[in-house]
Structure formats: structure tokens, C-alpha cells
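Data file: run.txt. Format and content: compact mmCIF, C-alpha atoms.
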# COMPACT_ATOMS: atom_id res chain seq x y z
CA MET A 1 80.07 54.30 -26.89
CA SER A 2 76.96 52.39 -27.88
CA THR A 3 76.41 51.45 -31.44
CA GLN A 4 73.38 50.15 -33.24
CA PRO A 5 74.06 50.53 -36.95
CA THR A 6 70.99 50.07 -39.07
CA ASP A 7 72.78 47.83 -41.56
CA PHE A 8 75.00 46.06 -39.01
CA SER A 9 78.02 46.68 -41.22
CA LEU A 10 81.01 45.10 -39.51
CA PRO A 11 83.68 47.20 -41.27
CA ASN A 12 81.93 50.41 -40.18
CA LEU A 13 81.44 49.72 -36.46
CA PRO A 14 82.86 52.40 -34.19
CA LEU A 15 85.91 50.99 -32.40
CA SER A 16 87.40 51.76 -29.01
CA ALA A 17 90.21 50.59 -26.78
CA PRO A 18 88.94 47.62 -24.75
CA LEU A 19 89.28 49.13 -21.28
CA GLN A 20 87.63 52.38 -22.40
CA ALA A 21 84.71 50.56 -24.02
CA ASP A 22 81.26 50.89 -22.50
CA PRO A 23 79.23 48.26 -24.33
CA GLY A 24 76.13 48.58 -22.19
CA ARG A 25 74.06 45.77 -20.80
CA GLU A 26 72.06 44.90 -23.91
CA ARG A 27 72.57 41.75 -25.96
CA GLY A 28 74.57 41.92 -29.14
CA VAL A 29 77.50 40.86 -31.27
CA TYR A 30 81.03 42.14 -30.75
CA SER A 31 84.23 42.15 -32.75
CA TRP A 32 87.89 42.32 -31.78
CA TRP A 33 90.35 44.00 -34.13
CA LEU A 34 94.13 44.31 -34.31
CA ASP A 35 94.98 48.01 -33.94
CA THR A 36 97.23 48.43 -36.98
CA THR A 37 97.90 52.09 -36.17
CA ARG A 38 99.88 50.91 -33.13
CA CYS A 39 101.10 47.61 -34.52
CA PRO A 40 101.09 47.40 -38.31
CA THR A 41 101.21 43.59 -38.57
CA PRO A 42 100.08 40.63 -36.46
CA GLU A 43 103.71 39.49 -36.25
CA ALA A 44 104.74 42.82 -34.73
CA ALA A 45 102.11 42.25 -32.03
CA GLY A 46 103.49 38.76 -31.34
CA LEU A 47 100.68 36.90 -33.14
CA LEU A 48 102.95 34.49 -34.92
CA GLN A 49 100.77 31.51 -35.79
CA LEU A 50 97.63 32.99 -37.28
CA PRO A 51 95.92 30.92 -39.95
CA ASP A 52 96.69 32.20 -43.43
CA VAL A 53 93.32 33.72 -44.28
CA PRO A 54 92.45 37.19 -45.57
CA ARG A 55 91.61 39.64 -42.80
CA LEU A 56 88.89 42.25 -43.13
CA VAL A 57 90.26 45.79 -42.90
CA HIS A 58 88.11 48.25 -40.95
CA ALA A 59 86.72 51.21 -42.92
CA SER A 60 89.09 53.48 -40.96
CA GLY A 61 92.05 51.60 -42.42
CA GLY A 62 93.51 51.29 -38.92
CA ALA A 63 92.38 47.84 -37.85
CA GLU A 64 92.12 44.23 -39.04
CA LEU A 65 89.38 41.88 -37.87
CA LEU A 66 90.48 39.07 -35.55
CA TYR A 67 87.40 37.68 -33.79
CA VAL A 68 83.61 37.87 -33.68
CA GLY A 69 81.54 36.74 -30.70
CA ARG A 70 78.09 37.03 -29.22
CA ALA A 71 76.53 38.13 -25.98
CA ARG A 72 73.08 36.58 -25.86
CA ARG A 73 72.29 38.38 -22.60
CA ASN A 74 74.68 41.21 -21.75
CA LEU A 75 77.52 42.74 -23.79
CA HIS A 76 79.14 44.35 -20.75
CA GLN A 77 79.23 41.11 -18.78
CA ARG A 78 80.59 39.11 -21.71
CA ILE A 79 83.28 41.60 -22.75
CA VAL A 80 84.34 43.19 -19.47
CA GLY A 81 83.52 40.33 -17.10
CA GLN A 82 84.97 37.55 -19.22
CA HIS A 83 87.11 38.60 -22.20
CA LEU A 84 88.98 41.22 -20.22
CA ARG A 85 89.35 39.21 -17.00
CA ARG A 86 89.12 35.43 -17.09
CA THR A 87 90.85 33.11 -19.52
CA ARG A 88 88.84 30.19 -18.16
CA SER A 89 85.60 31.63 -19.59
CA SER A 90 86.95 33.25 -22.77
CA ALA A 91 87.66 31.30 -25.95
CA LEU A 92 89.20 34.49 -27.33
CA ARG A 93 91.77 34.68 -24.50
CA ARG A 94 92.65 30.99 -24.83
CA THR A 95 93.10 31.37 -28.58
CA LEU A 96 95.23 34.49 -28.12
CA LEU A 97 97.52 32.59 -25.76
CA ALA A 98 97.88 29.81 -28.34
CA VAL A 99 98.95 32.18 -31.12
CA LEU A 100 101.16 34.30 -28.84
CA LEU A 101 103.05 31.31 -27.38
CA PRO A 102 105.38 30.63 -30.34
CA GLY A 103 106.82 34.14 -30.06
CA ASP A 104 107.09 34.16 -26.28
CA PRO A 105 107.05 30.93 -24.25
CA SER A 106 106.58 32.93 -21.04
CA TRP A 107 102.84 33.07 -21.82
CA ARG A 108 102.64 29.57 -20.30
CA GLU A 109 104.11 30.67 -16.94
CA GLY A 110 101.59 30.07 -14.19
CA ALA A 111 99.10 28.49 -16.60
CA ALA A 112 97.20 25.39 -15.51
CA LEU A 113 94.12 23.39 -16.40
CA ASP A 114 90.93 23.52 -14.34
CA GLY A 115 88.77 20.51 -13.55
CA ARG A 116 87.08 20.78 -16.96
CA GLY A 117 90.40 20.99 -18.81
CA ARG A 118 90.19 24.72 -19.58
CA VAL A 119 93.27 26.93 -19.33
CA VAL A 120 93.42 29.14 -16.25
CA LEU A 121 96.04 31.75 -15.44
CA GLY A 122 97.31 33.24 -12.24
CA GLU A 123 96.31 36.80 -11.43
CA ALA A 124 99.54 38.34 -12.76
CA GLN A 125 99.28 36.49 -16.08
CA GLU A 126 95.59 37.36 -16.44
CA GLN A 127 96.54 41.03 -16.01
CA ARG A 128 99.42 40.66 -18.46
CA LEU A 129 97.04 39.29 -21.13
CA THR A 130 94.49 42.04 -20.44
CA ASN A 131 97.28 44.63 -20.78
CA TRP A 132 98.35 43.05 -24.07
CA MET A 133 94.76 43.22 -25.32
CA GLN A 134 94.49 46.88 -24.30
CA GLU A 135 97.73 47.69 -26.09
CA HIS A 136 97.08 45.82 -29.34
CA LEU A 137 93.33 45.38 -29.84
CA LEU A 138 90.24 47.46 -30.52
CA LEU A 139 86.64 46.52 -29.83
CA GLY A 140 83.36 47.16 -31.64
CA TRP A 141 79.82 45.90 -31.10
CA ALA A 142 76.28 46.03 -32.38
CA VAL A 143 73.22 45.80 -30.13
CA CYS A 144 70.52 43.29 -31.08
CA GLU A 145 66.94 43.05 -29.85
CA THR A 146 66.52 39.28 -29.54
CA LYS A 147 68.70 36.22 -28.97
CA ASP A 148 67.74 35.03 -32.44
CA ASP A 149 69.00 38.34 -33.87
CA VAL A 150 72.28 37.88 -31.97
CA ASP A 151 72.75 34.36 -33.29
CA ALA A 152 71.90 35.34 -36.86
CA LEU A 153 74.22 38.36 -36.90
CA GLU A 154 77.14 36.44 -35.38
CA GLN A 155 76.70 33.63 -37.89
CA ARG A 156 76.47 36.12 -40.77
CA TRP A 157 79.61 38.02 -39.77
CA ILE A 158 81.60 34.81 -39.29
CA ALA A 159 80.39 33.34 -42.61
CA GLU A 160 81.08 36.58 -44.52
CA HIS A 161 84.42 37.54 -42.97
CA ARG A 162 85.97 34.31 -41.59
CA PRO A 163 87.65 35.99 -38.60
CA VAL A 164 91.14 34.62 -38.14
CA LEU A 165 90.71 33.74 -34.43
CA ASN A 166 87.26 32.14 -34.64
CA THR A 167 87.25 28.36 -34.48
CA ASP A 168 83.53 27.65 -34.96
CA GLY A 169 82.09 28.33 -38.37
CA THR A 170 85.44 28.73 -40.16
CA ASP A 171 87.44 26.37 -42.31
CA HIS A 172 90.61 27.23 -40.36
CA GLY A 173 89.12 26.36 -36.96
CA ALA A 174 90.90 23.00 -36.81
CA GLN A 175 94.27 24.76 -37.06
CA LEU A 176 93.39 26.97 -34.08
CA ILE A 177 92.15 24.00 -32.06
CA GLU A 178 95.50 22.29 -32.69
CA LEU A 179 97.40 25.39 -31.52
CA LYS A 180 95.26 25.56 -28.37
CA GLN A 181 95.98 21.88 -27.69
CA THR A 182 99.71 22.55 -28.05
CA PHE A 183 99.41 25.34 -25.47
CA ARG A 184 97.60 22.99 -23.05
CA GLU A 185 100.11 20.12 -23.36
CA GLY A 186 101.92 19.43 -20.11
CA LEU A 187 100.08 22.05 -18.05
CA PRO A 188 99.42 21.02 -14.44
CA ARG A 189 95.88 20.55 -13.14
CA ARG A 190 94.38 22.86 -10.52
CA ALA A 191 91.70 21.73 -8.13

Could I get this file's structure written as C-alpha cells?
Amino acid sequence: MSTQPTDFSLPNLPLSAPLQADPGRERGVYSWWLDTTRCPTPEAAGLLQLPDVPRLVHASGGAELLYVGRARRNLHQRIVGQHLRRTRSSALRRTLLAVLLPGDPSWREGAALDGRGRVVLGEAQEQRLTNWMQEHLLLGWAVCETKDDVDALEQRWIAEHRPVLNTDGTDHGAQLIELKQTFREGLPRRA
């Protein structure tokens, strides 16, 4: 499902389940949404420590905006190769772990820090987080022609909608950074 809305309206992006998404290999901006048709509240999905900010409701009424990100080169690589596979290279996955932890301490099992201090998970925990994302989240994206277009659209969507899981460009980012630090505390280092 490729989408290139003429007005780049975030609330009107077509959404799909993450593992069924086919974002293509163009550059663009993507958004992650809580699927409220499956899980009516963030708390029911285990997202217990979200900053208290208003969440944009999708035009369908069945999703709430959580995160906006950019793919300056390749949507498929960014979404499928990183957000759906590797916590080390995904700020979204690391933030999800931080807000899921208070409801279920087992999210830390097998977690460690790499040489750069980023959270890494074992294969089973990576798959568990991907499964959680598939069960609770939806994905939308807009294709952009240039890197400058990508940057401008991402900045606009973050400024307009203040996604609850974005740290950069939001006034609640410091709260998320603190939660991520709490998740990292005491984790062993991996070579």
C-alpha cells in the first residue's frame, strides 16, 4: 500500500498492520498509531507511562498517533529493516520498551547495552517486541521527493501533532528520555 497524499494530511493516511505494510523503497515520513479497535486505550496495550499529552485520532476513529519518523533514503529499509527488527537502531523500539516496562518488568529480560550504550535485545525478545507491535500498532506513510521534503514534513507533523513517543521536537521529550534511562539502568554491557 503506497500512499502519496497531495496534502500530506497525517490523520487521513491509509494505515496497515506493520508486517503487512509494503512501504516501498522511496524516501518519506512514516507514522505509528495505536490500533484502538483492538486495544481501546494505551493502558490496555501495556503502555503505562505515556506523557500526558493529547493524541491525534486518525480520521477512521480507530487509531491514535504515537510516533512520527523519517526515512531520508528508503522507507522499507527504515521500517522493516530497523523498526520491525532491531532495537539497537530504532528509537521507537527503545521508547516502546521504556513505556512498556512499568507494566511488565520481563521486557528487560535479555536486554543489554552495546558498545555505544544503546539497548540491544536477544533474538527472542526482539521477536516478542515485533509481535507486540504487530498486535497493537498500525503504520502509515507518505512518500516525499527530496530529503528536504522529508525533513520539512517530519518537522511539520511533529510540531503540529506532538506525537506522544517522539522525544525530539516535543516538550515532553525529556520525560521520555528519563524513562529510557530508567530502562537502561543496571543493564549489562555486550561486546

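Nearest residue to Glu154 of chain A, choosing from A:Ala111, A:Ala142, A:Leu47, A:Val57 and counting only C-alpha atoms: A:Ala142.
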
At a cut-off of 12 Å from (105.3, 32.5, -26.9) in the coordinates of the file, what residues are picked up using all atoms listed in the file, written as a ChimeraX atom specification? /A:43,45-49,96-109,179,182-183

Restrict the calculation to only C-alpha atoms, then for each residue of segment 55-121 of chain A with any atom at most 12 Å from an atom of segment 24-37 of chain A give the closest atom pair and their distance in Å to one decimal, rows by chain and rising residue number, as CSV.
residue,atom,partner,partner_atom,distance
A:Arg55,CA,A:Trp33,CA,9.8
A:Leu56,CA,A:Trp33,CA,9.3
A:Val57,CA,A:Trp33,CA,9.0
A:His58,CA,A:Trp33,CA,8.3
A:Ala59,CA,A:Trp33,CA,11.9
A:Ser60,CA,A:Thr37,CA,10.1
A:Gly61,CA,A:Thr36,CA,8.2
A:Gly62,CA,A:Thr36,CA,5.1
A:Ala63,CA,A:Asp35,CA,4.7
A:Glu64,CA,A:Leu34,CA,5.1
A:Leu65,CA,A:Trp33,CA,4.4
A:Leu66,CA,A:Trp33,CA,5.1
A:Tyr67,CA,A:Trp32,CA,5.1
A:Val68,CA,A:Ser31,CA,4.4
A:Gly69,CA,A:Tyr30,CA,5.4
A:Arg70,CA,A:Val29,CA,4.4
A:Ala71,CA,A:Gly28,CA,5.3
A:Arg72,CA,A:Arg27,CA,5.2
A:Arg73,CA,A:Arg27,CA,4.8
A:Asn74,CA,A:Arg25,CA,4.7
A:Leu75,CA,A:Arg25,CA,5.5
A:His76,CA,A:Arg25,CA,5.3
A:Gln77,CA,A:Arg25,CA,7.2
A:Arg78,CA,A:Arg25,CA,9.4
A:Ile79,CA,A:Tyr30,CA,8.3
A:Val80,CA,A:Gly24,CA,10.2
A:Gly81,CA,A:Arg25,CA,11.5
A:His83,CA,A:Trp32,CA,10.3
A:Leu84,CA,A:Trp32,CA,11.7
A:Leu92,CA,A:Trp32,CA,9.1
A:Arg93,CA,A:Trp32,CA,11.2
A:Leu96,CA,A:Trp32,CA,11.3

Nearest to Arg162 of chain A among A:Val143, A:Met133, A:Cys39, A:Val53, with distances taken over all atoms listed in the file: which residue is it?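 Nearest to Arg162 of chain A: A:Val53.
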
Nearest to Ile177 of chain A among A:Leu137, A:Leu165, A:Ala124, A:Cys144, with distances taken over all atoms listed in the file: which residue is it?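 Of A:Leu137, A:Leu165, A:Ala124, A:Cys144, the one nearest Ile177 of chain A, counting all atoms listed in the file, is A:Leu165.
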
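Take atom CA of Arg189 of chain A and atom CA of Thr130 of chain A: the distance between them is 22.7 Å.
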
From atom CA of Leu129 of chain A to atom CA of Lys180 of chain A the spacing works out at 15.6 Å

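Each of A:Lys147, A:His136, A:His172, A:Arg184 was checked against Ser16 of chain A using all atoms listed in the file; the smallest atom-to-atom distance is that of A:His136.
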
Report as a ChimeraX atom specification all protein, DNA and RNA residues lying within 8 Å of Gly169 of chain A, evaluated on only C-alpha atoms, omitting residues in the same chain fewer than 2 positions from it. /A:155,158-159,162,166-167,171,173

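Between atom CA of Gln82 of chain A and atom CA of Glu145 of chain A there is a distance of 21.6 Å.
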
Among listed residues A:Leu176, A:Leu187, A:Val164, A:Leu138, nearest Leu121 of chain A (using all atoms listed in the file):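 Closest residue, counting all atoms listed in the file: A:Leu187.
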
Choose the residue, out of A:Asp114, A:Asp52, A:Glu123, A:Asp22, that has the smallest atom-to-atom separation from Trp141 of chain A; count all atoms listed in the file.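 Nearest candidate to Trp141 of chain A out of A:Asp114, A:Asp52, A:Glu123, A:Asp22: A:Asp22.
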
List as a ChimeraX atom specification the residues having at least one atom at most 8 Å from position (76.8, 41.7, -39.7) as given in the file, counting only C-alpha atoms. /A:7-10,153-154,156-157

For Val119 of chain A: contacts at 6 Å, only C-alpha atoms, fewer than 3 positions along chain excluded, given as number ranges by chain: A: 88, 112-113

So for segment 129-141 of chain A, what box centre and size do we get, axis-aligned, 4 Å extra on each of the six sides, every listed atom, Å to one decimal, as JSON?
{"center_x": 89.1, "center_y": 43.5, "center_z": -26.0, "size_x": 26.5, "size_y": 16.4, "size_z": 19.2}
